[in-house]
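Some notes on the structure that comes next.
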Amino acid sequence: MSETLAPPAAWKLETERRNLGRLEVRHLRTRLGRVVDIGPGGMRLRGVPWPALDTYGAFEVELHGMPEVLPLKVTVAWSTRPGVLTREIGLAFVDLSEHAEHALAGLFAACRDVHTKRAG
């Protein structure tokens, strides 16, 4: 009797591997590209191709588009090239400062209020 093997984790859709929800945004950006979505565990960026970042360890990016520039320590979770001239990258947050956690929580709360008002 043969057993069916589950596909490797790399084959699963990103949404299946993610434990925490994401918020689609249009106003946030970094020097690496525009933030497509963000959640408590990390963010997805879209931009022009850049050098392979997954060979680096943790590094800092600055998040622009909030009342203040927010420095965040991140690592590369994944990267892909959906087109010849574009690249997407998933960045996981590492050791968020209390200030960064508070600022991101404020962003999530504000966006939740906007979505609630639109729906109602």
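A note on labels: chains of the structure tokens are A, B, ... as shown, every chain counts residues from 1, and ligands are counted from 1 in their shown order.
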Using only C-alpha atoms, find each residue of region 20-43 of chain A with at least one atom at most 7 Å away from an atom of region 59-68 of chain A; report its shortest atom-to-atom pair and that distance in Å (one decimal), sort the rows by chain and rising residue number, and return the result as a tab-separated table.
residue	atom	partner	partner_atom	distance
A:His27	CA	A:Gly65	CA	5.7
A:Leu28	CA	A:Gly65	CA	4.7
A:Arg29	CA	A:His64	CA	5.3
A:Thr30	CA	A:Leu63	CA	5.2
Hey, could you make a per-residue contact list for region 53-76 of chain A against region 86-101 of chain A with 6 Å as the cut-off, showing the nearest pair of atoms and its distance in Å to one decimal, counting only C-alpha atoms, sorted by chain and number, as a tab-separated table?
residue	atom	partner	partner_atom	distance
A:Lys73	CA	A:Val94	CA	5.4
A:Val74	CA	A:Phe93	CA	4.5
A:Thr75	CA	A:Ala92	CA	5.3
A:Val76	CA	A:Leu91	CA	4.7
- [ ] Kindly give the distance, in Å, that separates CA of Ala77 (chain A) and CA of Ala52 (chain A), rounded to a single decimal.
- [x]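 That distance, rounded to one decimal, is 12.2 Å.
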